[in-house]
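Text of the file entry.cif, holding mmCIF, C-alpha atoms:
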data_data
loop_
_atom_site.group_PDB
_atom_site.id
_atom_site.type_symbol
_atom_site.label_atom_id
_atom_site.label_comp_id
_atom_site.auth_asym_id
_atom_site.auth_seq_id
_atom_site.Cartn_x
_atom_site.Cartn_y
_atom_site.Cartn_z
ATOM 1 C CA MET J 1 -50.387 74.908 -51.089
ATOM 2 C CA SER J 2 -47.485 76.797 -49.606
ATOM 3 C CA LYS J 3 -44.715 78.269 -51.673
ATOM 4 C CA LEU J 4 -42.123 75.751 -50.304
ATOM 5 C CA LEU J 5 -44.276 72.718 -51.130
ATOM 6 C CA ARG J 6 -44.947 74.023 -54.656
ATOM 7 C CA ARG J 7 -41.234 74.483 -55.199
ATOM 8 C CA ILE J 8 -40.450 70.888 -54.006
ATOM 9 C CA ALA J 9 -43.301 69.413 -56.105
ATOM 10 C CA ALA J 10 -42.052 71.237 -59.209
ATOM 11 C CA GLY J 11 -38.558 69.657 -58.814
ATOM 12 C CA LEU J 12 -39.824 66.076 -58.378
ATOM 13 C CA THR J 13 -39.433 63.775 -61.336
ATOM 14 C CA TYR J 14 -40.020 60.093 -61.867
ATOM 15 C CA ALA J 15 -36.233 59.495 -61.826
ATOM 16 C CA ASN J 16 -35.858 61.330 -58.470
ATOM 17 C CA LEU J 17 -38.634 59.264 -56.879
ATOM 18 C CA VAL J 18 -37.302 55.895 -58.117
ATOM 19 C CA SER J 19 -33.693 56.633 -57.105
ATOM 20 C CA THR J 20 -34.726 57.834 -53.617
ATOM 21 C CA THR J 21 -36.914 54.743 -53.111
ATOM 22 C CA ALA J 22 -34.088 52.464 -54.261
ATOM 23 C CA LEU J 23 -31.671 54.176 -51.856
ATOM 24 C CA VAL J 24 -34.043 53.730 -48.893
ATOM 25 C CA VAL J 25 -34.619 50.041 -49.702
ATOM 26 C CA ALA J 26 -30.914 49.373 -50.215
ATOM 27 C CA LEU J 27 -29.886 51.034 -46.965
ATOM 28 C CA GLY J 28 -32.692 49.514 -44.912
ATOM 29 C CA ALA J 29 -32.695 45.879 -46.107
ATOM 30 C CA GLY J 30 -29.032 45.710 -47.103
ATOM 31 C CA THR J 31 -27.787 46.751 -43.678
ATOM 32 C CA ALA J 32 -29.990 44.208 -41.952
ATOM 33 C CA TYR J 33 -28.652 41.425 -44.175
ATOM 34 C CA ALA J 34 -25.017 42.414 -43.749
ATOM 35 C CA ALA J 35 -25.341 42.664 -39.962
ATOM 36 C CA ASN J 36 -26.581 39.056 -39.750
ATOM 37 C CA THR J 37 -24.085 37.473 -42.132
ATOM 38 C CA VAL J 38 -20.471 36.916 -41.015
ATOM 39 C CA PHE J 39 -17.927 35.006 -43.051
ATOM 40 C CA SER J 40 -14.549 33.608 -41.949
ATOM 41 C CA THR J 41 -12.798 36.408 -43.816
ATOM 42 C CA ASP J 42 -14.724 38.952 -41.697
ATOM 43 C CA ILE J 43 -13.227 37.636 -38.423
ATOM 44 C CA VAL J 44 -9.859 38.894 -37.213
ATOM 45 C CA ASP J 45 -7.569 35.990 -36.221
ATOM 46 C CA GLY J 46 -7.810 35.196 -32.507
ATOM 47 C CA GLU J 47 -10.946 37.267 -31.918
ATOM 48 C CA VAL J 48 -13.516 34.500 -31.347
ATOM 49 C CA GLN J 49 -13.602 33.883 -27.589
ATOM 50 C CA HIS J 50 -14.962 31.041 -25.430
ATOM 51 C CA ALA J 51 -18.051 33.112 -24.544
ATOM 52 C CA ASP J 52 -18.846 33.475 -28.270
ATOM 53 C CA LEU J 53 -19.236 29.704 -28.754
ATOM 54 C CA ALA J 54 -22.414 27.715 -28.205
ATOM 55 C CA ALA J 55 -22.218 24.934 -25.597
ATOM 56 C CA ASP J 56 -21.997 22.217 -28.265
ATOM 57 C CA ALA J 57 -20.176 24.242 -30.926
ATOM 58 C CA VAL J 58 -16.897 22.281 -30.928
ATOM 59 C CA ALA J 59 -16.898 18.478 -31.214
ATOM 60 C CA GLY J 60 -13.935 16.102 -31.006
ATOM 61 C CA ASP J 61 -13.653 15.720 -34.769
ATOM 62 C CA ARG J 62 -13.062 19.494 -35.042
ATOM 63 C CA ILE J 63 -10.046 19.514 -32.685
ATOM 64 C CA VAL J 64 -6.570 19.192 -34.208
ATOM 65 C CA ASP J 65 -4.844 15.966 -33.081
ATOM 66 C CA ALA J 66 -2.362 16.462 -30.199
ATOM 67 C CA SER J 67 -3.513 20.063 -29.639
ATOM 68 C CA VAL J 68 -5.202 19.448 -26.256
ATOM 69 C CA GLY J 69 -2.706 19.595 -23.402
ATOM 70 C CA HIS J 70 -2.798 18.747 -19.702
ATOM 71 C CA ALA J 71 -3.838 22.304 -18.769
ATOM 72 C CA ASP J 72 -6.873 21.986 -21.077
ATOM 73 C CA LEU J 73 -8.285 18.983 -19.220
ATOM 74 C CA GLY J 74 -10.658 19.096 -16.275
ATOM 75 C CA ALA J 75 -9.624 17.508 -12.953
ATOM 76 C CA ASP J 76 -11.643 14.331 -13.639
ATOM 77 C CA ALA J 77 -11.461 14.376 -17.445
ATOM 78 C CA VAL J 78 -9.382 11.201 -17.873
ATOM 79 C CA SER J 79 -9.685 8.058 -15.762
ATOM 80 C CA GLY J 80 -7.705 4.809 -15.827
ATOM 81 C CA ASP J 81 -10.128 3.045 -18.140
ATOM 82 C CA ARG J 82 -9.417 5.701 -20.807
ATOM 83 C CA VAL J 83 -5.625 5.114 -20.804
ATOM 84 C CA VAL J 84 -4.191 2.518 -23.189
ATOM 85 C CA ASP J 85 -2.403 -0.293 -21.338
ATOM 86 C CA GLY J 86 1.380 0.099 -21.518
ATOM 87 C CA SER J 87 1.186 3.677 -22.801
ATOM 88 C CA LEU J 88 2.440 5.371 -19.614
ATOM 89 C CA THR J 89 6.057 5.616 -18.535
ATOM 90 C CA LEU J 90 7.592 6.816 -15.293
ATOM 91 C CA LEU J 91 7.791 10.317 -16.771
ATOM 92 C CA ASP J 92 3.974 10.374 -16.986
ATOM 93 C CA LEU J 93 3.622 9.884 -13.238
ATOM 94 C CA SER J 94 3.995 12.697 -10.755
ATOM 95 C CA GLY J 95 6.994 12.592 -8.453
ATOM 96 C CA VAL J 96 10.745 12.585 -8.962
ATOM 97 C CA ASP J 97 13.216 10.456 -10.861
ATOM 98 C CA VAL J 98 16.752 11.515 -9.903
ATOM 99 C CA ALA J 99 20.212 10.053 -9.515
ATOM 100 C CA THR J 100 22.208 11.004 -6.433
ATOM 101 C CA THR J 101 24.910 9.519 -4.201
ATOM 102 C CA VAL J 102 24.795 7.787 -0.833
ATOM 103 C CA SER J 103 27.656 7.152 1.564
ATOM 104 C CA VAL J 104 27.427 4.537 4.312
ATOM 105 C CA PRO J 105 29.767 4.716 7.322
ATOM 106 C CA LYS J 106 31.615 1.608 8.475
ATOM 107 C CA LEU J 107 29.032 -0.742 9.970
ATOM 108 C CA LYS J 108 29.627 -3.792 12.143
ATOM 109 C CA PRO J 109 27.824 -6.966 11.087
ATOM 110 C CA GLY J 110 24.117 -6.860 11.991
ATOM 111 C CA LYS J 111 24.097 -3.077 12.534
ATOM 112 C CA CYS J 112 21.981 -0.448 10.748
ATOM 113 C CA VAL J 113 22.099 3.316 10.434
ATOM 114 C CA THR J 114 19.573 5.895 9.251
ATOM 115 C CA SER J 115 20.627 9.057 7.417
ATOM 116 C CA THR J 116 19.039 11.801 5.341
ATOM 117 C CA ILE J 117 20.010 12.710 1.777
ATOM 118 C CA GLY J 118 18.874 15.542 -0.504
ATOM 119 C CA VAL J 119 16.410 14.582 -3.245
ATOM 120 C CA ALA J 120 15.098 17.607 -5.168
ATOM 121 C CA GLY J 121 11.315 17.413 -5.616
ATOM 122 C CA ALA J 122 10.636 14.835 -2.893
ATOM 123 C CA ARG J 123 7.540 15.681 -0.815
ATOM 124 C CA PRO J 124 6.274 14.207 2.479
ATOM 125 C CA GLY J 125 3.710 11.463 1.897
ATOM 126 C CA GLN J 126 5.220 10.241 -1.373
ATOM 127 C CA LEU J 127 6.092 6.586 -1.864
ATOM 128 C CA MET J 128 9.852 6.369 -2.433
ATOM 129 C CA ALA J 129 11.855 3.701 -4.248
ATOM 130 C CA MET J 130 15.648 3.612 -4.348
ATOM 131 C CA SER J 131 17.946 1.371 -6.341
ATOM 132 C CA PRO J 132 21.776 1.353 -6.404
ATOM 133 C CA LEU J 133 23.380 2.129 -9.760
ATOM 134 C CA ASP J 134 26.826 1.046 -8.525
ATOM 135 C CA ARG J 135 27.844 -2.262 -6.991
ATOM 136 C CA LEU J 136 27.523 -2.247 -3.207
ATOM 137 C CA LYS J 137 30.072 -3.687 -0.803
ATOM 138 C CA LYS J 138 29.210 -7.237 0.193
ATOM 139 C CA GLY J 139 26.664 -7.242 3.021
ATOM 140 C CA ILE J 140 25.443 -3.613 2.629
ATOM 141 C CA VAL J 141 21.695 -3.215 2.025
ATOM 142 C CA LEU J 142 20.064 0.167 1.301
ATOM 143 C CA SER J 143 16.404 1.096 1.677
ATOM 144 C CA SER J 144 14.334 4.242 1.351
ATOM 145 C CA GLN J 145 12.460 5.048 4.566
ATOM 146 C CA ARG J 146 10.368 8.212 4.300
ATOM 147 C CA VAL J 147 10.372 11.853 3.211
ATOM 148 C CA PRO J 148 10.727 13.847 6.456
ATOM 149 C CA ALA J 149 10.612 17.247 4.694
ATOM 150 C CA ASN J 150 10.554 18.722 1.200
ATOM 151 C CA ASP J 151 13.596 17.736 -0.883
ATOM 152 C CA GLN J 152 14.839 15.193 1.675
ATOM 153 C CA LEU J 153 14.815 11.397 1.850
ATOM 154 C CA GLU J 154 15.518 9.352 4.929
ATOM 155 C CA ILE J 155 17.381 6.153 4.034
ATOM 156 C CA GLY J 156 18.392 3.057 5.933
ATOM 157 C CA ALA J 157 21.677 1.218 5.496
ATOM 158 C CA CYS J 158 22.343 -2.157 7.114
ATOM 159 C CA ASN J 159 25.259 -4.561 7.145
ATOM 160 C CA VAL J 160 23.844 -8.071 6.832
ATOM 161 C CA GLY J 161 27.277 -9.579 6.159
ATOM 162 C CA ALA J 162 29.746 -11.302 8.447
ATOM 163 C CA LYS J 163 32.457 -8.601 8.296
ATOM 164 C CA PRO J 164 32.440 -4.810 8.895
ATOM 165 C CA ALA J 165 31.649 -2.874 5.682
ATOM 166 C CA LYS J 166 31.161 0.666 4.389
ATOM 167 C CA ALA J 167 30.274 2.304 1.089
ATOM 168 C CA THR J 168 31.399 5.693 -0.186
ATOM 169 C CA ALA J 169 29.607 7.752 -2.863
ATOM 170 C CA VAL J 170 27.369 4.970 -4.142
ATOM 171 C CA ARG J 171 25.221 6.228 -7.012
ATOM 172 C CA VAL J 172 21.506 5.517 -6.524
ATOM 173 C CA ARG J 173 18.355 6.165 -8.504
ATOM 174 C CA VAL J 174 15.477 7.580 -6.447
ATOM 175 C CA VAL J 175 11.906 7.542 -7.748
ATOM 176 C CA SER J 176 8.819 8.827 -5.937
ATOM 177 C CA PHE J 177 5.097 8.369 -6.526
ATOM 178 C CA ASP J 178 2.217 10.450 -5.184
#

As structure tokens, please, write out the structure in this file.
Amino acid sequence: MSKLLRRIAAGLTYANLVSTTALVVALGAGTAYAANTVFSTDIVDGEVQHADLAADAVAGDRIVDASVGHADLGADAVSGDRVVDGSLTLLDLSGVDVATTVSVPKLKPGKCVTSTIGVAGARPGQLMAMSPLDRLKKGIVLSSQRVPANDQLEIGACNVGAKPAKATAVRVRVVSFD
């Protein structure tokens, strides 16, 4: 036996062997266990990402009520049969809901005129509805015609009365639907 091996063998004791073996086992098995066990307290807030989740990891009963917004839904995620009757209002529909004013020049009986007013948010192809908020002069009838360009509404005004009539700064409510 070489001098180095004899020197090492002379320093070995039962206590040295047991402590070294215990250290090897603790480091080997303990590390493997710790690497495969993660608790909630081990995760930094906000660090679990979409890619970290299994396909079926989150079910509906695990989602906080009212926490899913429009941007979270897919294009075809909700259809009409999934909406409670009477639960939608005009604000839930796309389009505009604005108040503006309309002026009608003096019209002879049986005559009509078409004019364009500004309606912020109006887009060509939308269905438009218009209703006067003020009382109209007797014989004057207003109607929405079409959206010729963004933010514009073409309206019609007719005098169906027996006398000439005009209307100045009549407040109207304009609503559009896609």

For the point (27.0, -14.3, 10.6) in the file's frame, write as a PDB file with C-alpha atoms, in the frame of the given file all residues with an atom no more than 10 Å away, counting all atoms listed in the file.
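And here's selection13.pdb as it stands now:
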ATOM      1  CA  PRO J 109      27.824  -6.966  11.087  1.00  0.00           C
ATOM      2  CA  GLY J 110      24.117  -6.860  11.991  1.00  0.00           C
ATOM      3  CA  VAL J 160      23.844  -8.071   6.832  1.00  0.00           C
ATOM      4  CA  GLY J 161      27.277  -9.579   6.159  1.00  0.00           C
ATOM      5  CA  ALA J 162      29.746 -11.302   8.447  1.00  0.00           C
ATOM      6  CA  LYS J 163      32.457  -8.601   8.296  1.00  0.00           C
TER       7      LYS J 163
END

> Applied to this file, what does the PyMOL selection byres ((chain J and resi 171) around 9) return in terms of residues, put as a list in words?
Replying inline: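 Matching residues under the PyMOL selection byres ((chain J and resi 171) around 9) are Ala99, Thr100, Thr101, Val102, Ser103, Ser131, Pro132, Leu133, Asp134, Arg135, Ala169, Val170, Val172 and Arg173 of chain J.
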
> Any idea what's packed within 8 Å of Cys112 (chain J), counting only C-alpha atoms, ignoring anything in its chain fewer than 5 positions away? Could you give it as a list in words?
Replying inline: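 Final neighbour list, sorted by chain and number: Leu107, Gly156, Ala157, Cys158 and Asn159 of chain J.
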
> For the file shown, what are the residues hit by the PyMOL selection byres ((chain J and resi 93) around 12), laid out as a ChimeraX atom specification?
Replying inline: /J:87-92,94-97,126,175-178

>> Applying 9 Å and only C-alpha atoms, which residues near Val147 (chain J) remain after dropping the ones on its own chain fewer than 4 positions away? List them as a PyMOL selection string.
In response: chain J and resi 116+122-128+151-154

>> Taking all atoms listed in the file into account, name the residue in J:Val48, J:Val113, J:Val58, J:Ala167 that is nearest to Lys138 (chain J).
In response: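 Answer, going by the shortest atom-to-atom distance: J:Ala167.
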
>> I'd like the interatomic distance between CA of Asp52 (chain J) and CA of Val38 (chain J), to a tenth of an Å.
In response: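 These atoms are spaced 13.3 Å apart.
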
> Distance CA of Ser115 (chain J)-CA of Ala149 (chain J), one decimal place?
Replying inline: 13.2 Å

> So how many Å separate CA of Val68 (chain J) and CA of Val44 (chain J), to one decimal?
Replying inline: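 Atom-to-atom, CA of Val68 (chain J) and CA of Val44 (chain J) are spaced 22.8 Å apart.
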
> Which residues match the PyMOL selection byres ((chain J and resi 105) around 6) in the file above, as JSON, numbers by chain?
Replying inline: {"J": [104, 106, 166]}
